[in-house]
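What follows is a set of notes on a single structure, which appears directly below.
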Amino acid sequence: MSKIILSSREFKEEWLAEIAKKAPEYHFTTTTEKLDWSSVTLTIGWSKEWEEHLLSADSTLKWVQSISAGVDTLPLAKFREKNILLSNSSGIHAQAIAEHVLAAILMTTRGFTQTIKNQSLERWSAQDIHFRYLTEQEILIVGTGHIGQKLAELLQALGAAPVGINTSGHPVADFSKTYSLDQLEEVSQKADFVINILPLTPETTHLYNSDFFETMNPTGTFINVGRGASVDTSALVAALKNGQIQQALLDVFEEEPLPQGHPLWQLENCIITPHISGMTPHFQKAFLEIFLNNLSCFVATGELAQNQVSLTEGY
C-alpha cells in the first residue's frame with residue numbers, strides 16, 4: 001500500500017504532477033473520509049482533528065510541512081516526543097510583509113493616518129498633520145530573519161538606516177547596527193518606529209508589556225506583524241490611551257478575529273488590518289518550491305533540505 005501525503009489544502013494539477021514525479025510511491029489526498037491513517041507519512045499543513053490519529057502509538061507520521069512561517073500553534077512537544085520532522089514556509093511572506101510595513105511607515109511620515117481621519121469628517125486641514133523625512137527616522141526592526149532583512153533592504157534603498165534586534169546582537173546585512181534582545185527596552189527609547197517581526201516563543205510571549213511601553217519613545221509608533229501574543233494587549237491599550245506611545249499599527253492580535261467592542265477598535269491612534277500583511281501573490285508557486293525541495297531530500301535521505309524548525313526553540 002502506498003504512503004500518503006495528507007494536505008490541508010488543494011493544489012493545482014500542475015503541482016500535483018510535480019509531487020507525483022518526485023514521490024511516485026506516495027498518494028496525495030485532502031480528504032480524511034475512509035483514510036488509512038496508519039499510512040500517512042507526511043502532511044502539508046495541520047489540523048487539530050488529525051491529532052488523535054497522527055500522534056497515536058501506531059502512527060507512521062514522519063514529517064509535517066507547515067503552510068505558515070509561524071508554528072507556535074502546533075503540538076511541538078508531541079512532535080519532539082515522536083521525532084517528527086517539522087519545516088515551515090519562512091521566506092515566502094518576506095516581500096509582502098516588508099512592503100506592508102513600509103506602507104505603514106510612509107503613511108505615518110507623510111501624514112496619511114491623520115488625513116484619512118480628516119476626510120471622514122470632511123475637514124480640510126493641514127495644521128494637525130506632521131510631516132517627517134523617512135531618512136531622519138530611527139527605525140528599530142525587532143527580528144532580523146527573512147522578513148526583517150527584506151524590510152531593512154527596502155528601507156536602505158530609500159535612504160534610511162534601520163537598526164535591528166536579534167537574539168545575540170550579531171550583525172546582519174542592511175542593518176546599520178544590531179543589538180541583542182536583552183537591549184530592546186534601552187534601544188526602543190530612541191526609536192521613532194518599533195516593528196515586531198519575532199516568532200512566538202516562551203521568551204517572546206508578552207515581550208511587549210507595560211514595562212516596555214513605559215520606556216518606549218512617547219512619540220514612537222509600534223507596528224506588529226509578528227505574533228499577536230508577543231504583545232500584552234491590555235498594556236498596549238493603556239499605553240495608547242495614556243499617551244505613552246503615539247500610535248500603533250497592528251496586523252496580528254492575541255485574539256483573532258479581534259472581537260467587536262474591543263477597545264482597540266475605538267482608539268484613534270490605532271490602525272488595524274485583519275492579519276493580511278503576509279498575503280502573497282503566487283503563493284502556491286513559492287510554497288511548492290520549498291516543499292518540493294524538501295520532498296526530494298526526504299524521499300532520498302529521510303531528511304529535509306531547508307526551513308527545518310527546531311522543536312526545542314520553536315522556530
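Scheme for the C-alpha cells: letters A, B, ... for chains in order shown; per-chain residue numbers from 1; ligand numbers from 1 in order shown.
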Go through region 227-304 of chain A residue by residue and, counting only C-alpha atoms, keep those with an atom at most 9 Å from region 111-133 of chain A; for each kept residue give the shortest atom pair and its distance in Å to one decimal, ordered by chain and increasing number, as a Markdown table.
```
| residue | atom | partner | partner_atom | distance |
| --- | --- | --- | --- | --- |
| A:Glu268 | CA | A:Lys117 | CA | 8.3 |
| A:Asn269 | CA | A:Thr113 | CA | 8.6 |
| A:Ile271 | CA | A:Thr113 | CA | 8.2 |
```
**Prompt:** Which neighbours of region 230-233 of chain A fall inside 7 Å, counting only C-alpha atoms, when residues of the same chain fewer than 5 positions from it are skipped, and could you give them as a PyMOL selection string?
**Reply:** chain A and resi 200+204-209
**Item:** Long-range neighbours of Gly220 (chain A) as a PyMOL selection string, 8 Å cut-off, only C-alpha atoms, 5 positions minimum in chain
**Value:** chain A and resi 191-194+245-247
Sort by chain and increasing residue number a table of all residues of region 164-198 of chain A within 9 Å of region 135-144 of chain A, each with its closest pair of atoms and their distance in Å to one decimal, counting only C-alpha atoms, and write it as a Markdown table.
```
| residue | atom | partner | partner_atom | distance |
| --- | --- | --- | --- | --- |
| A:Gly164 | CA | A:Ile141 | CA | 4.8 |
| A:Ile165 | CA | A:Val142 | CA | 4.6 |
| A:Asn166 | CA | A:Gly143 | CA | 5.4 |
| A:Thr167 | CA | A:Gly143 | CA | 8.4 |
| A:Val172 | CA | A:Thr144 | CA | 7.2 |
| A:Phe175 | CA | A:Thr144 | CA | 8.7 |
| A:Thr178 | CA | A:Thr144 | CA | 8.8 |
| A:Leu181 | CA | A:Val142 | CA | 8.1 |
| A:Leu184 | CA | A:Val142 | CA | 8.1 |
| A:Val187 | CA | A:Leu140 | CA | 8.0 |
| A:Ser188 | CA | A:Leu140 | CA | 7.1 |
| A:Lys190 | CA | A:Glu138 | CA | 7.1 |
| A:Ala191 | CA | A:Glu138 | CA | 4.9 |
| A:Asp192 | CA | A:Glu138 | CA | 5.1 |
| A:Phe193 | CA | A:Ile139 | CA | 4.9 |
| A:Val194 | CA | A:Leu140 | CA | 4.9 |
| A:Ile195 | CA | A:Ile141 | CA | 4.9 |
| A:Asn196 | CA | A:Val142 | CA | 5.0 |
| A:Ile197 | CA | A:Gly143 | CA | 5.1 |
| A:Leu198 | CA | A:Gly143 | CA | 5.0 |
```
**Asked** Could you pull out the strand (DSSP E or B) residues of region 50-211 of chain A from DSSP and send them as a PyMOL selection string?
**Response** chain A and resi 63-65+85-87+139-142+163-166+168+177-180+193-196+208
Please produce a file of the residues just selected, as a CSV table (one decimal), in the first residue's frame, where the atoms kept are N, CA, C and O atoms.
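What landed in again.csv:
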```csv
chain,number,residue,atom,x,y,z
A,63,TRP,N,6.9,13.6,9.0
A,63,TRP,CA,7.2,14.9,8.6
A,63,TRP,C,6.0,15.8,8.4
A,63,TRP,O,5.0,15.3,7.8
A,64,VAL,N,6.0,17.0,9.0
A,64,VAL,CA,4.9,18.0,8.8
A,64,VAL,C,5.5,19.2,8.1
A,64,VAL,O,6.5,19.8,8.7
A,65,GLN,N,5.0,19.6,7.0
A,65,GLN,CA,5.4,20.8,6.3
A,65,GLN,C,4.3,21.9,6.6
A,65,GLN,O,3.2,21.8,6.1
A,85,LEU,N,9.7,15.3,12.0
A,85,LEU,CA,10.3,16.5,11.4
A,85,LEU,C,9.3,17.6,11.2
A,85,LEU,O,8.1,17.3,10.8
A,86,LEU,N,9.7,18.8,11.3
A,86,LEU,CA,8.8,20.0,11.0
A,86,LEU,C,9.6,21.0,10.2
A,86,LEU,O,10.7,21.4,10.6
A,87,SER,N,8.9,21.5,9.2
A,87,SER,CA,9.5,22.6,8.4
A,87,SER,C,8.4,23.6,8.2
A,87,SER,O,7.2,23.3,8.2
A,139,ILE,N,14.5,53.7,13.0
A,139,ILE,CA,13.6,52.6,12.7
A,139,ILE,C,14.2,51.3,13.3
A,139,ILE,O,15.3,50.9,12.9
A,140,LEU,N,13.5,50.8,14.3
A,140,LEU,CA,14.0,49.6,15.0
A,140,LEU,C,13.2,48.4,14.6
A,140,LEU,O,12.0,48.3,14.8
A,141,ILE,N,13.9,47.4,14.0
A,141,ILE,CA,13.2,46.2,13.5
A,141,ILE,C,13.6,45.1,14.4
A,141,ILE,O,14.8,44.7,14.5
A,142,VAL,N,12.6,44.5,15.1
A,142,VAL,CA,12.9,43.5,16.1
A,142,VAL,C,12.6,42.1,15.5
A,142,VAL,O,11.5,41.7,15.4
A,163,VAL,N,17.9,49.9,12.3
A,163,VAL,CA,18.6,49.2,13.4
A,163,VAL,C,17.8,47.9,13.7
A,163,VAL,O,16.6,47.8,13.6
A,164,GLY,N,18.6,46.8,14.0
A,164,GLY,CA,18.0,45.5,14.2
A,164,GLY,C,18.2,45.0,15.6
A,164,GLY,O,19.2,45.3,16.3
A,165,ILE,N,17.3,44.1,16.0
A,165,ILE,CA,17.4,43.4,17.3
A,165,ILE,C,17.3,41.9,16.9
A,165,ILE,O,16.4,41.5,16.2
A,166,ASN,N,18.3,41.1,17.4
A,166,ASN,CA,18.2,39.7,17.3
A,166,ASN,C,18.6,39.0,18.6
A,166,ASN,O,19.0,39.8,19.5
A,168,SER,N,21.3,37.5,19.7
A,168,SER,CA,22.7,37.7,20.2
A,168,SER,C,23.2,39.1,19.9
A,168,SER,O,24.3,39.5,20.4
A,177,LYS,N,23.1,49.0,12.5
A,177,LYS,CA,23.5,48.4,13.8
A,177,LYS,C,22.6,47.3,14.2
A,177,LYS,O,21.4,47.3,13.8
A,178,THR,N,23.1,46.4,15.0
A,178,THR,CA,22.2,45.4,15.6
A,178,THR,C,22.5,45.3,17.1
A,178,THR,O,23.7,45.5,17.5
A,179,TYR,N,21.5,45.0,17.8
A,179,TYR,CA,21.6,44.8,19.3
A,179,TYR,C,21.0,43.5,19.7
A,179,TYR,O,20.2,42.9,19.0
A,180,SER,N,21.3,43.0,20.9
A,180,SER,CA,20.7,41.8,21.4
A,180,SER,C,19.3,42.0,22.0
A,180,SER,O,19.0,43.2,22.3
A,193,PHE,N,10.1,54.3,15.3
A,193,PHE,CA,9.2,53.1,14.9
A,193,PHE,C,9.8,51.9,15.5
A,193,PHE,O,11.1,51.6,15.4
A,194,VAL,N,9.0,51.1,16.2
A,194,VAL,CA,9.4,49.8,16.7
A,194,VAL,C,8.6,48.8,16.0
A,194,VAL,O,7.3,48.8,16.1
A,195,ILE,N,9.2,47.9,15.2
A,195,ILE,CA,8.5,46.9,14.4
A,195,ILE,C,8.8,45.5,14.9
A,195,ILE,O,9.9,45.0,14.9
A,196,ASN,N,7.7,44.8,15.4
A,196,ASN,CA,7.9,43.4,15.8
A,196,ASN,C,7.7,42.4,14.7
A,196,ASN,O,6.6,42.4,14.1
A,208,TYR,N,6.2,42.6,24.8
A,208,TYR,CA,5.9,44.0,24.8
A,208,TYR,C,4.8,44.2,25.9
A,208,TYR,O,3.6,44.0,25.6
```
**Complete:** Pairwise distance, CA of Ile147 (chain A) with CA of His93 (chain A), equals 7.2 Å
Could you please write out, as a tab-separated table (two decimals) with N, CA, C and O atoms, in the first residue's frame, every residue of region 22-152 of chain A that DSSP assigns to alpha helix (DSSP H)?
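Dumped everything to out-v2.tsv:
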```tsv
chain	number	residue	atom	x	y	z
A	22	LYS	N	8.19	13.49	-8.08
A	22	LYS	CA	9.28	13.40	-7.10
A	22	LYS	C	9.05	12.29	-6.07
A	22	LYS	O	10.00	11.79	-5.48
A	51	GLU	N	-5.01	15.09	15.12
A	51	GLU	CA	-4.05	14.78	16.18
A	51	GLU	C	-4.24	13.40	16.79
A	51	GLU	O	-3.26	12.68	17.01
A	52	GLU	N	-5.48	13.01	17.07
A	52	GLU	CA	-5.67	11.72	17.73
A	52	GLU	C	-5.23	10.56	16.84
A	52	GLU	O	-4.84	9.50	17.34
A	53	HIS	N	-5.25	10.77	15.54
A	53	HIS	CA	-4.82	9.72	14.61
A	53	HIS	C	-3.32	9.77	14.34
A	53	HIS	O	-2.63	8.75	14.39
A	54	LEU	N	-2.80	10.96	14.07
A	54	LEU	CA	-1.42	11.09	13.61
A	54	LEU	C	-0.41	11.16	14.76
A	54	LEU	O	0.80	11.06	14.52
A	76	LEU	N	4.21	21.06	19.26
A	76	LEU	CA	5.66	20.86	19.09
A	76	LEU	C	6.21	19.81	20.05
A	76	LEU	O	7.10	19.03	19.68
A	77	ALA	N	5.70	19.80	21.27
A	77	ALA	CA	6.21	18.84	22.25
A	77	ALA	C	5.92	17.40	21.79
A	77	ALA	O	6.77	16.51	21.93
A	78	LYS	N	4.73	17.19	21.24
A	78	LYS	CA	4.38	15.85	20.75
A	78	LYS	C	5.24	15.49	19.53
A	78	LYS	O	5.67	14.34	19.39
A	79	PHE	N	5.46	16.46	18.65
A	79	PHE	CA	6.34	16.20	17.50
A	79	PHE	C	7.73	15.79	17.99
A	79	PHE	O	8.34	14.86	17.46
A	80	ARG	N	8.22	16.53	18.98
A	80	ARG	CA	9.56	16.23	19.51
A	80	ARG	C	9.59	14.84	20.13
A	80	ARG	O	10.53	14.07	19.92
A	81	GLU	N	8.55	14.50	20.87
A	81	GLU	CA	8.48	13.21	21.53
A	81	GLU	C	8.47	12.06	20.52
A	81	GLU	O	9.07	11.01	20.76
A	94	ALA	N	8.15	37.28	2.99
A	94	ALA	CA	9.06	38.39	3.30
A	94	ALA	C	8.75	39.65	2.50
A	94	ALA	O	8.66	40.75	3.06
A	95	GLN	N	8.58	39.51	1.19
A	95	GLN	CA	8.34	40.69	0.35
A	95	GLN	C	7.02	41.36	0.72
A	95	GLN	O	6.95	42.58	0.88
A	96	ALA	N	5.98	40.55	0.89
A	96	ALA	CA	4.66	41.11	1.18
A	96	ALA	C	4.64	41.84	2.53
A	96	ALA	O	4.14	42.97	2.63
A	97	ILE	N	5.19	41.21	3.55
A	97	ILE	CA	5.15	41.83	4.88
A	97	ILE	C	6.05	43.06	4.93
A	97	ILE	O	5.71	44.08	5.54
A	98	ALA	N	7.20	42.98	4.27
A	98	ALA	CA	8.10	44.14	4.23
A	98	ALA	C	7.42	45.33	3.56
A	98	ALA	O	7.52	46.47	4.04
A	99	GLU	N	6.72	45.10	2.46
A	99	GLU	CA	6.02	46.18	1.78
A	99	GLU	C	4.86	46.71	2.62
A	99	GLU	O	4.57	47.92	2.62
A	100	HIS	N	4.18	45.81	3.34
A	100	HIS	CA	3.10	46.23	4.24
A	100	HIS	C	3.63	47.19	5.31
A	100	HIS	O	3.04	48.25	5.56
A	101	VAL	N	4.75	46.83	5.91
A	101	VAL	CA	5.34	47.68	6.96
A	101	VAL	C	5.84	48.99	6.37
A	101	VAL	O	5.64	50.06	6.96
A	102	LEU	N	6.45	48.92	5.20
A	102	LEU	CA	6.93	50.14	4.56
A	102	LEU	C	5.77	51.09	4.27
A	102	LEU	O	5.87	52.29	4.50
A	103	ALA	N	4.65	50.53	3.82
A	103	ALA	CA	3.46	51.36	3.58
A	103	ALA	C	2.99	52.01	4.88
A	103	ALA	O	2.63	53.19	4.91
A	104	ALA	N	3.02	51.26	5.98
A	104	ALA	CA	2.58	51.79	7.27
A	104	ALA	C	3.49	52.94	7.73
A	104	ALA	O	3.02	53.95	8.24
A	105	ILE	N	4.78	52.76	7.53
A	105	ILE	CA	5.74	53.80	7.93
A	105	ILE	C	5.51	55.06	7.10
A	105	ILE	O	5.45	56.19	7.63
A	106	LEU	N	5.37	54.91	5.77
A	106	LEU	CA	5.20	56.07	4.90
A	106	LEU	C	3.85	56.75	5.13
A	106	LEU	O	3.74	57.98	5.02
A	107	MET	N	2.82	55.98	5.46
A	107	MET	CA	1.54	56.59	5.83
A	107	MET	C	1.71	57.54	7.01
A	107	MET	O	1.09	58.60	7.07
A	108	THR	N	2.57	57.12	7.93
A	108	THR	CA	2.79	57.93	9.13
A	108	THR	C	3.65	59.15	8.83
A	108	THR	O	3.29	60.28	9.20
A	109	THR	N	4.76	58.95	8.14
A	109	THR	CA	5.67	60.06	7.91
A	109	THR	C	5.08	61.11	6.96
A	109	THR	O	5.43	62.28	7.03
A	112	PHE	N	-0.67	60.44	6.28
A	112	PHE	CA	-1.90	59.82	5.77
A	112	PHE	C	-2.80	59.32	6.89
A	112	PHE	O	-4.03	59.32	6.74
A	113	THR	N	-2.22	58.87	7.99
A	113	THR	CA	-3.06	58.38	9.07
A	113	THR	C	-3.99	59.48	9.59
A	113	THR	O	-5.14	59.22	9.94
A	114	GLN	N	-3.51	60.72	9.60
A	114	GLN	CA	-4.34	61.84	10.04
A	114	GLN	C	-5.28	62.31	8.94
A	114	GLN	O	-6.45	62.65	9.20
A	115	THR	N	-4.81	62.34	7.70
A	115	THR	CA	-5.67	62.84	6.61
A	115	THR	C	-6.87	61.92	6.38
A	115	THR	O	-7.94	62.38	5.99
A	116	ILE	N	-6.72	60.62	6.61
A	116	ILE	CA	-7.85	59.69	6.48
A	116	ILE	C	-8.92	60.03	7.51
A	116	ILE	O	-10.12	60.03	7.21
A	117	LYS	N	-8.49	60.34	8.74
A	117	LYS	CA	-9.45	60.74	9.78
A	117	LYS	C	-10.12	62.07	9.39
A	117	LYS	O	-11.34	62.23	9.55
A	118	ASN	N	-9.32	63.02	8.87
A	118	ASN	CA	-9.88	64.31	8.47
A	118	ASN	C	-10.90	64.14	7.35
A	118	ASN	O	-11.94	64.82	7.33
A	119	GLN	N	-10.62	63.24	6.41
A	119	GLN	CA	-11.54	63.03	5.30
A	119	GLN	C	-12.89	62.52	5.80
A	119	GLN	O	-13.94	62.91	5.30
A	120	SER	N	-12.86	61.61	6.79
A	120	SER	CA	-14.12	61.07	7.31
A	120	SER	C	-14.97	62.17	7.95
A	120	SER	O	-16.19	62.04	8.06
A	146	HIS	N	14.24	36.53	7.61
A	146	HIS	CA	13.93	36.81	6.20
A	146	HIS	C	13.15	38.11	6.05
A	146	HIS	O	13.48	38.95	5.20
A	147	ILE	N	12.11	38.28	6.86
A	147	ILE	CA	11.24	39.46	6.71
A	147	ILE	C	11.99	40.72	7.13
A	147	ILE	O	11.97	41.74	6.43
A	148	GLY	N	12.65	40.66	8.28
A	148	GLY	CA	13.39	41.81	8.76
A	148	GLY	C	14.47	42.24	7.78
A	148	GLY	O	14.68	43.45	7.55
A	149	GLN	N	15.14	41.28	7.18
A	149	GLN	CA	16.20	41.60	6.22
A	149	GLN	C	15.63	42.25	4.96
A	149	GLN	O	16.20	43.20	4.43
A	150	LYS	N	14.50	41.74	4.48
A	150	LYS	CA	13.88	42.34	3.30
A	150	LYS	C	13.42	43.76	3.59
A	150	LYS	O	13.61	44.68	2.78
A	151	LEU	N	12.83	43.99	4.77
A	151	LEU	CA	12.40	45.33	5.14
A	151	LEU	C	13.59	46.26	5.25
A	151	LEU	O	13.55	47.40	4.77
A	152	ALA	N	14.66	45.79	5.88
A	152	ALA	CA	15.88	46.62	6.01
A	152	ALA	C	16.44	46.97	4.64
A	152	ALA	O	16.88	48.10	4.40
```
**Asked** How many Å separate CA of Arg9 (chain A) from CA of Phe28 (chain A)?
**Response** 10.9 Å
**Message:** I'd like to know which of A:Leu134, A:Leu304, A:Asn242, A:Leu295 is closest to Ile44 (chain A), using only C-alpha atoms.
**Reply:**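 Residue with the minimum atom-to-atom distance to Ile44 (chain A): A:Leu295.
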**Message:** Set the distance at 9 Å and use only C-alpha atoms: which residues neighbour region 29-42 of chain A once local chain neighbours fewer than 2 positions away are removed? I'd like the list as a ChimeraX atom specification.
**Reply:** /A:1-10,26-27,44,50,53-54,58-65
Save the residues we just selected, N, CA and C atoms, as a PDB file, in the first residue's frame?
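Printed below is again06.pdb as written:
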```
ATOM      1  N   MET A   1       0.843  -1.198   0.000  1.00  0.00           N
ATOM      2  CA  MET A   1       0.000   0.000   0.000  1.00  0.00           C
ATOM      3  C   MET A   1       0.881   1.252   0.000  1.00  0.00           C
ATOM      4  N   SER A   2       0.494   2.257  -0.799  1.00  0.00           N
ATOM      5  CA  SER A   2       1.315   3.452  -0.928  1.00  0.00           C
ATOM      6  C   SER A   2       1.283   4.291   0.343  1.00  0.00           C
ATOM      7  N   LYS A   3       2.328   5.085   0.509  1.00  0.00           N
ATOM      8  CA  LYS A   3       2.367   6.033   1.606  1.00  0.00           C
ATOM      9  C   LYS A   3       1.494   7.225   1.227  1.00  0.00           C
ATOM     10  N   ILE A   4       1.048   7.955   2.236  1.00  0.00           N
ATOM     11  CA  ILE A   4       0.078   9.019   1.993  1.00  0.00           C
ATOM     12  C   ILE A   4       0.652  10.378   2.390  1.00  0.00           C
ATOM     13  N   ILE A   5       0.412  11.356   1.511  1.00  0.00           N
ATOM     14  CA  ILE A   5       0.623  12.767   1.827  1.00  0.00           C
ATOM     15  C   ILE A   5      -0.764  13.361   2.087  1.00  0.00           C
ATOM     16  N   LEU A   6      -1.028  13.756   3.310  1.00  0.00           N
ATOM     17  CA  LEU A   6      -2.309  14.361   3.672  1.00  0.00           C
ATOM     18  C   LEU A   6      -2.139  15.879   3.698  1.00  0.00           C
ATOM     19  N   SER A   7      -2.943  16.574   2.910  1.00  0.00           N
ATOM     20  CA  SER A   7      -2.813  18.028   2.796  1.00  0.00           C
ATOM     21  C   SER A   7      -4.055  18.733   3.299  1.00  0.00           C
ATOM     22  N   SER A   8      -3.853  19.856   3.955  1.00  0.00           N
ATOM     23  CA  SER A   8      -4.974  20.654   4.461  1.00  0.00           C
ATOM     24  C   SER A   8      -5.539  21.578   3.394  1.00  0.00           C
ATOM     25  N   ARG A   9      -4.920  21.593   2.227  1.00  0.00           N
ATOM     26  CA  ARG A   9      -5.436  22.439   1.153  1.00  0.00           C
ATOM     27  C   ARG A   9      -5.186  21.795  -0.191  1.00  0.00           C
ATOM     28  N   GLU A  10      -5.965  22.218  -1.192  1.00  0.00           N
ATOM     29  CA  GLU A  10      -5.831  21.719  -2.560  1.00  0.00           C
ATOM     30  C   GLU A  10      -4.694  22.444  -3.275  1.00  0.00           C
ATOM     31  N   TYR A  26       4.047   7.787  -3.260  1.00  0.00           N
ATOM     32  CA  TYR A  26       3.153   8.470  -2.335  1.00  0.00           C
ATOM     33  C   TYR A  26       1.831   8.802  -3.018  1.00  0.00           C
ATOM     34  N   HIS A  27       0.759   8.778  -2.238  1.00  0.00           N
ATOM     35  CA  HIS A  27      -0.566   9.166  -2.722  1.00  0.00           C
ATOM     36  C   HIS A  27      -0.971  10.460  -2.024  1.00  0.00           C
ATOM     37  N   ILE A  44       0.910  18.199   4.643  1.00  0.00           N
ATOM     38  CA  ILE A  44       1.091  19.596   4.250  1.00  0.00           C
ATOM     39  C   ILE A  44       0.052  20.377   5.038  1.00  0.00           C
ATOM     40  N   TRP A  50      -6.738  16.022  13.218  1.00  0.00           N
ATOM     41  CA  TRP A  50      -5.851  14.914  12.836  1.00  0.00           C
ATOM     42  C   TRP A  50      -5.075  14.355  14.031  1.00  0.00           C
ATOM     43  N   HIS A  53      -5.245  10.768  15.538  1.00  0.00           N
ATOM     44  CA  HIS A  53      -4.823   9.724  14.610  1.00  0.00           C
ATOM     45  C   HIS A  53      -3.318   9.767  14.340  1.00  0.00           C
ATOM     46  N   LEU A  54      -2.803  10.964  14.067  1.00  0.00           N
ATOM     47  CA  LEU A  54      -1.418  11.088  13.615  1.00  0.00           C
ATOM     48  C   LEU A  54      -0.408  11.157  14.756  1.00  0.00           C
ATOM     49  N   ASP A  58       0.400   4.003  16.917  1.00  0.00           N
ATOM     50  CA  ASP A  58       0.651   3.260  15.685  1.00  0.00           C
ATOM     51  C   ASP A  58       0.803   4.161  14.462  1.00  0.00           C
ATOM     52  N   SER A  59       0.900   5.483  14.671  1.00  0.00           N
ATOM     53  CA  SER A  59       1.075   6.409  13.548  1.00  0.00           C
ATOM     54  C   SER A  59       2.464   6.252  12.933  1.00  0.00           C
ATOM     55  N   THR A  60       2.539   6.437  11.606  1.00  0.00           N
ATOM     56  CA  THR A  60       3.826   6.398  10.903  1.00  0.00           C
ATOM     57  C   THR A  60       4.236   7.780  10.394  1.00  0.00           C
ATOM     58  N   LEU A  61       3.617   8.814  10.942  1.00  0.00           N
ATOM     59  CA  LEU A  61       3.919  10.177  10.512  1.00  0.00           C
ATOM     60  C   LEU A  61       5.383  10.509  10.773  1.00  0.00           C
ATOM     61  N   LYS A  62       6.059  11.044   9.737  1.00  0.00           N
ATOM     62  CA  LYS A  62       7.485  11.362   9.838  1.00  0.00           C
ATOM     63  C   LYS A  62       7.781  12.855   9.675  1.00  0.00           C
ATOM     64  N   TRP A  63       6.875  13.554   8.962  1.00  0.00           N
ATOM     65  CA  TRP A  63       7.224  14.944   8.618  1.00  0.00           C
ATOM     66  C   TRP A  63       5.960  15.771   8.445  1.00  0.00           C
ATOM     67  N   VAL A  64       5.980  16.990   8.985  1.00  0.00           N
ATOM     68  CA  VAL A  64       4.912  17.969   8.800  1.00  0.00           C
ATOM     69  C   VAL A  64       5.511  19.202   8.135  1.00  0.00           C
ATOM     70  N   GLN A  65       4.977  19.565   6.970  1.00  0.00           N
ATOM     71  CA  GLN A  65       5.380  20.798   6.292  1.00  0.00           C
ATOM     72  C   GLN A  65       4.323  21.851   6.584  1.00  0.00           C
TER      73      GLN A  65
END
```
